[in-house]
Amino acid sequence: MISFAKMHGLGNDFMVVDGVSQQVYFTEGQVRKLADRHRGVGFDQLLLIEPPQQPDVDFHYRIFNADGKEVEQCGNGARCLARFVRTMGLTWKHKIRVSTMRGLMNLQIMRNGLVSVDMGVPQLAPDTIPMRYAQQDIRYSVNLDGVSYEFGAVSMGNPHCVITVDDVEKAEVDRIGGALTQHNLFPEGANIGFMQKIAHDEVRLRVFERGVGETQACGTGACAAAVVARLQHNMNQKIRVYLPGGHLHIDWPGDGESLKMMGPAELVYQGYIDL
Ligand SMILES: N[C@@H](CCC[C@H](N)C(=O)O)C(=O)O
């Protein structure tokens, strides 16, 4: 039996497991079974919180997609992690530093109850995404069934491709997202965002997540969209990203600078399950 919490960030939902007080290990098959929305707990990602692996860090943060694969980063999950470790008494700090597969991240629980995350510096070079394009650019194109799609590519620790559309409601998220997430342009797959500009400081966004499908919100997807919005469309440093599950505040001063994301993190229930 392991104890866990069910949490969500704007409807992007998680099974969160305390791997500090419990000895836990998950196989790909176990994660897939737990992710099943009819026979398991049901979630987009499983978050496993482990003891720190280095001195200046509070926790090590691991993320598994619903398909069982471990991935590098999850923005909505990071906010839930901050709320989880405080609620479960794993720390009393308001400022929490975690390591992930791809580096370090600082989380802060704000007075207004929201959680702010310093997501680090967005990476734009094709080999850091990774993406099979020789030269870095702010706009790339890909051909799908004879139609060419322009996109921006960003690594927020994990790979993102962002396509600007006229009407996000009409975007073929499943068809185009499903084809591009596994396109050979992206050797490790990619999360595919569909972004509509609303104003200089507002976009709407839907994301087809790698290893999951369309989710109600994607934190790193919102960060990547803000980067593309600024680079391709000269939008503001501070923008609101409206996702199907709610909105996030993103603040990115520009190239080479760290990006901050702020939004909610909710605990739904706590439970026990046999693995
Ligand atoms: N929902 C997440 C991203 C989770 C990982 C992603 N599906 C990937 O494979 O990179 C977020 O809030 O950032």
# chains A, B, ... in the order shown; residues from 1 in each chain; ligands from 1
call {"tool": "residues_around", "arguments": {"residues": "A:Leu90", "least_positions_apart": "5", "cutoff": "10 Å", "atoms": "only C-alpha atoms", "output": "ChimeraX atom specification"}}
result
/A:18,20-21,58-59,84-85
call {"tool": "residues_around", "arguments": {"residues": "A:Val241", "least_positions_apart": "4", "cutoff": "7 Å", "atoms": "only C-alpha atoms", "output": "NGL selection string"}}
result
:A and (202-205 or 222 or 247-249)
call {"tool": "write_last_selection", "arguments": {"atoms": "C-alpha atoms", "output": "CSV table (one decimal), in the first residue's frame"}}
result
chain,number,residue,atom,x,y,z
A,202,GLU,CA,-3.2,37.8,-23.6
A,203,VAL,CA,-3.2,34.5,-25.6
A,204,ARG,CA,-5.4,31.5,-25.6
A,205,LEU,CA,-3.8,28.1,-25.8
A,222,ALA,CA,2.1,28.1,-21.4
A,247,HIS,CA,-5.3,31.0,-16.8
A,248,LEU,CA,-1.6,31.4,-15.8
A,249,HIS,CA,0.6,34.5,-15.4
call {"tool": "residues_near_ligand", "arguments": {"ligand": "ligand 1", "cutoff": "6 Å", "atoms": "only C-alpha atoms and all ligand atoms", "output": "list of chain:residue names"}}
result
A:Asn65, A:Val71, A:Gln73, A:Cys74, A:Gly75, A:Asn76, A:Gly77, A:Asn158, A:Glu209, A:Arg210, A:Gly211, A:Cys218, A:Gly219, A:Thr220, A:Gly221
call {"tool": "select_by_dssp", "arguments": {"residues": "stretch 15-255 of chain A", "states": "alpha helix (DSSP H)", "output": "ChimeraX atom specification"}}
result
/A:28-35,75-87,173-180,219-233
call {"tool": "residues_around", "arguments": {"residues": "A:His160", "least_positions_apart": "3", "cutoff": "8 Å", "atoms": "only C-alpha atoms", "output": "list in words"}}
result
Ile129, Ala153, Val154, Ser155, Met156, Ala190, Asn191, Ile192, Gly193, Gly221 and Ala224 of chain A
call {"tool": "write_last_selection", "arguments": {"atoms": "N, CA and C atoms", "output": "tab-separated table (two decimals), in the first residue's frame"}}
result
chain	number	residue	atom	x	y	z
A	129	ILE	N	16.44	21.26	-27.83
A	129	ILE	CA	14.99	21.00	-27.70
A	129	ILE	C	14.67	19.52	-27.47
A	153	ALA	N	9.84	26.84	-31.67
A	153	ALA	CA	10.26	25.69	-30.86
A	153	ALA	C	11.06	26.17	-29.66
A	154	VAL	N	10.72	25.62	-28.49
A	154	VAL	CA	11.34	26.05	-27.23
A	154	VAL	C	11.52	24.84	-26.33
A	155	SER	N	12.63	24.80	-25.61
A	155	SER	CA	12.75	23.81	-24.54
A	155	SER	C	12.56	24.54	-23.21
A	156	MET	N	11.59	24.05	-22.43
A	156	MET	CA	11.42	24.54	-21.05
A	156	MET	C	11.95	23.46	-20.11
A	190	ALA	N	7.47	15.73	-28.83
A	190	ALA	CA	7.29	17.13	-28.40
A	190	ALA	C	5.86	17.35	-27.95
A	191	ASN	N	5.67	18.38	-27.15
A	191	ASN	CA	4.34	18.84	-26.75
A	191	ASN	C	3.95	19.89	-27.80
A	192	ILE	N	2.71	19.80	-28.29
A	192	ILE	CA	2.32	20.67	-29.41
A	192	ILE	C	1.26	21.67	-28.94
A	193	GLY	N	1.61	22.96	-28.96
A	193	GLY	CA	0.69	24.01	-28.52
A	193	GLY	C	0.05	24.73	-29.69
A	221	GLY	N	3.83	24.34	-21.41
A	221	GLY	CA	3.27	24.75	-22.71
A	221	GLY	C	2.93	26.23	-22.69
A	224	ALA	N	6.21	28.13	-22.95
A	224	ALA	CA	6.72	28.09	-24.33
A	224	ALA	C	5.91	29.03	-25.22
call {"tool": "select_by_dssp", "arguments": {"residues": "stretch 47-229 of chain A", "states": "strand (DSSP E)", "output": "PyMOL selection string"}}
result
chain A and resi 47-50+59-65+70-71+95-100+103-109+115-118+140-144+147-155+159-164+191-199+202-209+213-215
call {"tool": "closest_residue", "arguments": {"among": "A:Ala217, A:Val162, A:Met88, A:Leu259", "to": "A:Ala229", "atoms": "only C-alpha atoms"}}
result
A:Val162
call {"tool": "closest_residue", "arguments": {"among": "A:Tyr272, A:Phe14, A:Tyr61, A:Phe26", "to": "A:Leu46", "atoms": "only C-alpha atoms"}}
result
A:Phe14
call {"tool": "atom_distance", "arguments": {"atom1": "atom CA of A:Trp252", "atom2": "atom CA of A:Gln196"}}
result
18.3 Å
call {"tool": "closest_residue", "arguments": {"among": "A:Val115, A:Met105, A:Leu144, A:Ala66", "to": "A:Leu185", "atoms": "only C-alpha atoms"}}
result
A:Leu144
call {"tool": "closest_residue", "arguments": {"among": "A:Val212, A:Val142, A:Leu124, A:Ala78", "to": "A:Phe43", "atoms": "only C-alpha atoms"}}
result
A:Val212
call {"tool": "closest_residue", "arguments": {"among": "A:Arg102, A:Arg230, A:Lys170, A:Lys33", "to": "A:Ile138", "atoms": "only C-alpha atoms"}}
result
A:Arg230
call {"tool": "closest_residue", "arguments": {"among": "A:Thr100, A:Gln30, A:Asn112, A:Gln45", "to": "A:Pro264", "atoms": "only C-alpha atoms"}}
result
A:Asn112
call {"tool": "residues_around", "arguments": {"residues": "stretch 10-13 of chain A", "least_positions_apart": "2", "cutoff": "6 Å", "atoms": "only C-alpha atoms", "output": "VMD selection string"}}
result
chain A and resid 7 to 8 43 to 44 216 to 217 245 to 246
